[in-house]
Structures are given as C-alpha cells and as structure tokens.
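Taking it in order: structure first as structure tokens, then the write-up.
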Amino acid sequence: MPEGDTIHKIARAMQPRLPGRALEGLWLRDRGWLARLAGQHVHEIAPLGKHLLVAIGAPAPARPGWVLHVHLGMHGRWHRHERGAAWSRPASQAVVRIAVAGEEWVCSRAARAEILRAVDLALHPTVSRLGPDLLGEAPRLEDVLARARRREPRSAAGLLLDQRVACGIGNVYKNEVLFLEGVHPRTPVAALSDARILALFRRARSLMQANLGGGRRNTLEPGRPVRRGDPRFWVYGRGGLPCRRCAVRLRGGREGDAARATWWCEACQPRAREGGVPLSPPARPPGSASRRRPGPRRRRAAGVGPRPRPRLPGTP
Ligand SMILES: [Zn+2]
C-alpha cells in the first residue's frame with residue numbers, strides 16, 4: 001500500500017533521470033497527450049506525503065509553469081520502461097505517461113492525476129492544506145502538534161491518518177506506530193499529552209526513514225531485508241493472531257473517521273492507560289507467531305468487517 005515512504009522512493013528513482021530533460025510528451029488518461037507541454041522541461045520531482053509533484057516549464061532559469069500532481073491511492077504504481085519495451089502493467093490501467101528521450105514513466109491505477117498551473121498550487125483544496133511532510137528534511141513538529149490540537153480528530157488512529165496534521169502516514173504505519181508507542185487506537189486525542197503526540201509522530205518519521213532503502217516495508221526489524229512470507233509487522237494485518245510481544249490475541253476493527261482497518265493488542269495498548277506508554281520492543285522479535293498475513297476469513301473473525309457505507313446527508 002503506497003504511503004509516504006513509497007512516494008519518496010519513487011521520487012528518488014526519478015530524481016537522476018527526469019529533472020533537466022525535455023518532455024517528448026505528457027499524457028493523462030482523461031486529457032490525452034497535452035500538446036502544449038511537449039518540449040517543456042522537467043524542473044523538479046517533489047514528494048509531499050502521499051502526493052507526488054512534478055514541476056514542468058520552460059528550461060531553467062525560467063520558473064516552472066505547470067505541476068503534475070499524482071496521488072496513488074490504494075493501488076497506484078509507477079513503472080519505468082525503455083521506449084518501445086513491453087509494459088509491465090496493462091495499458092488499460094495507465095493513468096499518466098511521462099515520455100522523455102528513450103524512456104517513459106507510466107503510472108497505473110492512480111487515484112488522482114491532474115495538471116495544474118503552478119500558481120494555482122497554493123490554492124489547491126488538498127495539497128495546500130497538507131501538514132508537514134514527515135519525511136521532509138526537518139519537519140516542524142511544533143506545527144504538527146498545533147495542527148493536532150486545532151484539528152482535533154476523534155481518536156489516536158484518526159490523528160495519525162489526518163494528512164492535514166502531518167502528511168505521509170498511511171494505514172500500515174498508523175497501526176505499527178500506535179502499537180510501538182503503547183497507545184490504544186481509540187484513545188481520544190484530548191487525552192494524549194503534547195509529549196505523547198510528538199512521540200507518535202517522531203516514531204512514524206523514524207520508522208518511515210528506516211524503510212527508505214530498497215525492498216519490502218518492514219517495521220518489525222526496520223532495515224532488515226525480508227523475503228515474501230517473512231514476518232514484517234507487529235500488528236498490521238494480524239487480527240486474531242498472538243501479539244509478538246505478550247502473546248495475547250490481537251484485536252481488529254475499523255477506527256477513525258475513515259473507518260480504516262485497525263489491529264491492536266489490548267494488553268500492550270491498554271485503554272486504561274489512555275496516554276500510552278512506549279514499548280521497548282525486543283532486539284529480535286520472537287519468530288514463533290504466524291509468518292503470514294491472515295486471509296479475509298481470519299480478518300472477518302477478528303472483527304474487521306466490510307467498510308460501513310457512508311451515510312447520505314439528511315439520514316439519521
Ligand atoms: Zn501485546
């Protein structure tokens with residue numbers, strides 16, 4: 001699932017290959033090839049939380065006139081192809097194509113892709129309201145704290161996913177950070193001290209930074225390369241399985257304003273301890289627990305059912 005670390009890794013892959021080069025074409029599924037952008041140059045690749053921004057314009061030192069904005073959503077992927085080579089994903093899934101001499105970057109199944117005038121970015125309804133990027137060079141955590149108090153999401157789970165507080169955290173890191181900080185996902189944000197809120201976001205930043213290398217995301221032992229099937233998470237996707245720390249059976253449910261799937265340990269993240277107490281995970285987590293993410297049947301058994309339908313305005 002693409003989260004902030006995914007977008008930063010994509011940007012790192014594009015960084016040496018696109019800036020400074022002339023576009024042979026830019027294609028959006030709903031617009032086709034954008035003729036006015038052919039011959040324009042790529043200025044900059046800028047990851048921002050779960051958003052990727054590509055600045056485009058006349059060659060530097062001119063300022064970029066346009067920005068390509070892409071949000072991968074749950075299923076989006078970027079792939080680089082040599083020009084003329086077969087694509088690794090069906091052409092019918094393509095949403096964006098960035099073509100430069102000899103190569104093409106294709107984004108498939110993105111939730112959102114649009115071209116904006118650069119001057120309009122500051123007014124963009126989503127991008128302009130994002131909180132500090134946790135993978136930015138030096139995110140202002142005092143700003144994150146102020147936003148957390150101002151926004152007042154209902155629960156700790158909702159707090160971490162609120163991109164207007166800080167951007168980059170997705171559902172995997174939300175679950176793992178709450179476990180590692182000993183915070184129950186339903187803890188009201190008002191019950192969390194400033195220090196606990198800052199600790200949650202510091203933990204999220206360090207976990208995501210540790211996953212900026214190659215390979216699969218691993219929050220169990222960040223930085224350790226993992227193969228398919230290896231344990232990678234403390235609680236994410238493990239409803240009904242024993243806690244890797246205390247062996248109590250993990251709980252599952254849907255939490256926060258977006259009703260996203262959530263897993264936790266009632267012993268390590270007790271409700272009574274509203275403010276949470278950080279855990280010191282063992283240097284080598286016990287490997288006795290199941291190594292596989294449970295299938296849909298097991299997740300249903302753990303209480304993570306289908307997402308509730310949004311209510312229509314005016315209905316009780
Ligand atoms: Zn536990």
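Simple scheme: letters A, B, ... for chains in structure tokens order, numbers from 1 for residues in each chain, numbers from 1 for ligands in the order shown.
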Proximity check chain A to ligand 1, 10 Å, nearest pairs one decimal Å, only C-alpha atoms and all ligand atoms, as CSV:
```
residue,atom,partner,partner_atom_place_in_ligand_line,distance
A:Phe179,CA,ligand 1,1 (Zn),8.4
A:Gly182,CA,ligand 1,1 (Zn),9.1
A:Trp234,CA,ligand 1,1 (Zn),9.3
A:Val235,CA,ligand 1,1 (Zn),9.2
A:Pro242,CA,ligand 1,1 (Zn),7.8
A:Cys243,CA,ligand 1,1 (Zn),4.6
A:Arg244,CA,ligand 1,1 (Zn),6.6
A:Arg245,CA,ligand 1,1 (Zn),5.0
A:Cys246,CA,ligand 1,1 (Zn),4.2
A:Ala247,CA,ligand 1,1 (Zn),6.0
A:Val248,CA,ligand 1,1 (Zn),5.5
A:Arg249,CA,ligand 1,1 (Zn),7.8
A:Leu250,CA,ligand 1,1 (Zn),7.4
A:Trp264,CA,ligand 1,1 (Zn),8.0
A:Cys265,CA,ligand 1,1 (Zn),4.8
A:Glu266,CA,ligand 1,1 (Zn),6.8
A:Ala267,CA,ligand 1,1 (Zn),5.0
A:Cys268,CA,ligand 1,1 (Zn),4.2
A:Gln269,CA,ligand 1,1 (Zn),7.3
A:Pro270,CA,ligand 1,1 (Zn),9.3
A:Leu279,CA,ligand 1,1 (Zn),9.8
```
Residue selection dump (C-alpha atoms) as an mmCIF file, in the first residue's frame:
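And here is the file that came out, out38.cif:
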```
data_model
loop_
_atom_site.group_PDB
_atom_site.id
_atom_site.type_symbol
_atom_site.label_atom_id
_atom_site.label_comp_id
_atom_site.auth_asym_id
_atom_site.auth_seq_id
_atom_site.Cartn_x
_atom_site.Cartn_y
_atom_site.Cartn_z
ATOM 1 C CA PHE A 179 1.494 -0.437 18.949
ATOM 2 C CA GLY A 182 1.552 1.639 23.530
ATOM 3 C CA TRP A 234 3.898 -6.122 14.818
ATOM 4 C CA VAL A 235 0.118 -5.864 14.435
ATOM 5 C CA PRO A 242 -0.913 -13.757 19.156
ATOM 6 C CA CYS A 243 0.829 -10.481 19.976
ATOM 7 C CA ARG A 244 4.525 -10.827 19.154
ATOM 8 C CA ARG A 245 5.373 -9.208 22.484
ATOM 9 C CA CYS A 246 2.920 -10.681 25.020
ATOM 10 C CA ALA A 247 1.097 -13.470 23.117
ATOM 11 C CA VAL A 248 -2.375 -12.020 23.845
ATOM 12 C CA ARG A 249 -4.664 -12.438 20.820
ATOM 13 C CA LEU A 250 -4.695 -9.248 18.717
ATOM 14 C CA TRP A 264 -4.088 -3.695 18.318
ATOM 15 C CA CYS A 265 -3.149 -5.556 21.494
ATOM 16 C CA GLU A 266 -5.411 -4.894 24.497
ATOM 17 C CA ALA A 267 -2.516 -5.758 26.830
ATOM 18 C CA CYS A 268 0.264 -3.715 25.215
ATOM 19 C CA GLN A 269 -2.087 -0.840 24.267
ATOM 20 C CA PRO A 270 -4.497 -0.802 27.224
ATOM 21 C CA LEU A 279 7.224 -0.174 24.472
#
```
Per residue of region 74-147 of chain A within 12 Å of region 151-155 of chain A, record the nearest atom pair and its distance in Å to one decimal, counting only C-alpha atoms, with rows in chain order and ascending residue number, as a tab-separated table.
```
residue	atom	partner	partner_atom	distance
A:Arg129	CA	A:Arg151	CA	11.7
A:Gly131	CA	A:Arg151	CA	10.9
A:Asp143	CA	A:Arg151	CA	11.9
A:Val144	CA	A:Arg151	CA	10.3
A:Leu145	CA	A:Arg151	CA	9.9
A:Ala146	CA	A:Arg151	CA	8.5
A:Arg147	CA	A:Arg151	CA	5.7
```
How would the residues just picked look written out with C-alpha atoms as a tab-separated table (two decimals), in the first residue's frame?
```tsv
chain	number	residue	atom	x	y	z
A	129	ARG	CA	-3.77	22.10	3.34
A	131	GLY	CA	0.57	19.26	7.27
A	143	ASP	CA	3.49	22.82	13.76
A	144	VAL	CA	2.29	19.18	13.73
A	145	LEU	CA	1.33	19.48	17.41
A	146	ALA	CA	-0.51	22.75	16.87
A	147	ARG	CA	-2.41	21.23	13.94
```
query = With only C-alpha atoms as the basis for distance, which of A:Gln163, A:Ser88, A:Gln15, A:Gln93 is at the shortest distance from Thr126 (chain A)?
reply = A:Gln163
If you run DSSP on this backbone, which residues of region 81-275 of chain A come out as alpha helix (DSSP H), and could you give them as a short mmCIF file (atom, residue, chain, number, x, y, z; two decimals) with N, CA and C atoms, in the first residue's frame?
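result_37.cif written:
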```cif
data_model
loop_
_atom_site.label_atom_id
_atom_site.label_comp_id
_atom_site.auth_asym_id
_atom_site.auth_seq_id
_atom_site.Cartn_x
_atom_site.Cartn_y
_atom_site.Cartn_z
N LEU A 141 7.82 19.85 13.98
CA LEU A 141 6.92 19.06 14.81
C LEU A 141 6.04 19.94 15.70
N GLU A 142 6.52 21.15 16.02
CA GLU A 142 5.65 22.06 16.81
C GLU A 142 4.43 22.46 15.98
N ASP A 143 4.62 22.54 14.65
CA ASP A 143 3.49 22.82 13.76
C ASP A 143 2.54 21.63 13.73
N VAL A 144 3.12 20.41 13.71
CA VAL A 144 2.29 19.18 13.73
C VAL A 144 1.44 19.16 14.99
N LEU A 145 2.05 19.48 16.13
CA LEU A 145 1.33 19.48 17.41
C LEU A 145 0.20 20.52 17.39
N ALA A 146 0.51 21.70 16.91
CA ALA A 146 -0.51 22.75 16.87
C ALA A 146 -1.68 22.33 15.97
N ARG A 147 -1.36 21.70 14.84
CA ARG A 147 -2.41 21.23 13.94
C ARG A 147 -3.24 20.12 14.59
N ALA A 148 -2.56 19.23 15.36
CA ALA A 148 -3.28 18.14 16.03
C ALA A 148 -4.29 18.72 17.01
N ARG A 149 -3.89 19.75 17.75
CA ARG A 149 -4.80 20.37 18.72
C ARG A 149 -5.92 21.13 18.02
N ARG A 150 -5.58 21.76 16.90
CA ARG A 150 -6.58 22.56 16.19
C ARG A 150 -7.59 21.66 15.47
N ARG A 151 -7.09 20.59 14.85
CA ARG A 151 -7.95 19.73 14.04
C ARG A 151 -8.81 18.81 14.92
N ALA A 156 -6.79 8.52 18.44
CA ALA A 156 -5.37 8.44 18.08
C ALA A 156 -5.20 7.86 16.68
N ALA A 157 -6.06 6.87 16.34
CA ALA A 157 -5.97 6.27 15.00
C ALA A 157 -6.29 7.32 13.92
N GLY A 158 -7.31 8.13 14.18
CA GLY A 158 -7.66 9.17 13.22
C GLY A 158 -6.60 10.25 13.13
N LEU A 159 -5.96 10.53 14.25
CA LEU A 159 -4.92 11.57 14.30
C LEU A 159 -3.79 11.25 13.32
N LEU A 160 -3.32 9.99 13.37
CA LEU A 160 -2.15 9.65 12.55
C LEU A 160 -2.48 9.65 11.06
N LEU A 161 -3.75 9.41 10.72
CA LEU A 161 -4.12 9.39 9.30
C LEU A 161 -4.54 10.75 8.77
N ASN A 171 -2.10 3.53 6.48
CA ASN A 171 -2.69 2.62 7.46
C ASN A 171 -1.69 1.65 8.08
N VAL A 172 -0.66 1.26 7.34
CA VAL A 172 0.33 0.34 7.92
C VAL A 172 1.06 1.03 9.07
N TYR A 173 1.61 2.22 8.78
CA TYR A 173 2.38 2.92 9.83
C TYR A 173 1.48 3.33 10.99
N LYS A 174 0.22 3.69 10.70
CA LYS A 174 -0.69 4.04 11.79
C LYS A 174 -0.76 2.90 12.80
N ASN A 175 -1.03 1.70 12.31
CA ASN A 175 -1.16 0.55 13.20
C ASN A 175 0.13 0.26 13.96
N GLU A 176 1.24 0.30 13.25
CA GLU A 176 2.52 -0.07 13.86
C GLU A 176 2.99 0.97 14.87
N VAL A 177 2.79 2.25 14.57
CA VAL A 177 3.20 3.32 15.47
C VAL A 177 2.39 3.26 16.77
N LEU A 178 1.08 3.06 16.66
CA LEU A 178 0.25 3.00 17.87
C LEU A 178 0.70 1.84 18.75
N PHE A 179 1.03 0.70 18.15
CA PHE A 179 1.49 -0.44 18.95
C PHE A 179 2.82 -0.10 19.63
N LEU A 180 3.77 0.40 18.85
CA LEU A 180 5.11 0.65 19.41
C LEU A 180 5.09 1.73 20.48
N ASP A 194 0.92 16.50 25.06
CA ASP A 194 1.73 17.01 23.95
C ASP A 194 2.92 16.08 23.68
N ALA A 195 3.54 15.63 24.78
CA ALA A 195 4.73 14.78 24.63
C ALA A 195 4.37 13.46 23.93
N ARG A 196 3.19 12.91 24.24
CA ARG A 196 2.80 11.64 23.62
C ARG A 196 2.49 11.85 22.13
N ILE A 197 1.85 12.96 21.81
CA ILE A 197 1.55 13.23 20.40
C ILE A 197 2.86 13.38 19.61
N LEU A 198 3.79 14.12 20.18
CA LEU A 198 5.08 14.30 19.50
C LEU A 198 5.80 12.96 19.35
N ALA A 199 5.69 12.11 20.38
CA ALA A 199 6.36 10.80 20.33
C ALA A 199 5.77 9.95 19.21
N LEU A 200 4.46 10.03 19.01
CA LEU A 200 3.81 9.26 17.93
C LEU A 200 4.38 9.68 16.57
N PHE A 201 4.48 10.98 16.35
CA PHE A 201 4.94 11.44 15.03
C PHE A 201 6.45 11.24 14.86
N ARG A 202 7.21 11.35 15.96
CA ARG A 202 8.66 11.04 15.85
C ARG A 202 8.86 9.57 15.48
N ARG A 203 8.06 8.71 16.11
CA ARG A 203 8.17 7.28 15.82
C ARG A 203 7.81 7.02 14.36
N ALA A 204 6.76 7.68 13.89
CA ALA A 204 6.35 7.47 12.49
C ALA A 204 7.47 7.90 11.55
N ARG A 205 8.08 9.05 11.84
CA ARG A 205 9.17 9.54 10.98
C ARG A 205 10.33 8.55 10.97
N SER A 206 10.73 8.08 12.15
CA SER A 206 11.90 7.20 12.19
C SER A 206 11.60 5.86 11.52
N LEU A 207 10.38 5.34 11.69
CA LEU A 207 10.03 4.06 11.04
C LEU A 207 10.03 4.21 9.52
N MET A 208 9.47 5.33 9.04
CA MET A 208 9.42 5.52 7.59
C MET A 208 10.82 5.78 7.02
N GLN A 209 11.63 6.53 7.76
CA GLN A 209 13.00 6.78 7.29
C GLN A 209 13.77 5.47 7.16
N ALA A 210 13.54 4.58 8.15
CA ALA A 210 14.26 3.30 8.14
C ALA A 210 13.83 2.42 6.97
#
```
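Ranking A:Ala91, A:Leu72, A:Met14, A:Leu26 by their shortest atom-to-atom distance to His51 (chain A), with only C-alpha atoms included, puts A:Leu72 first.
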request  = Show which residues sit within 12 Å of Pro90 (chain A), as a ChimeraX atom specification. Count only C-alpha atoms, and ignore same-chain residues fewer than 3 positions away.
outcome  = /A:77,79,86-87,93-95,106-109
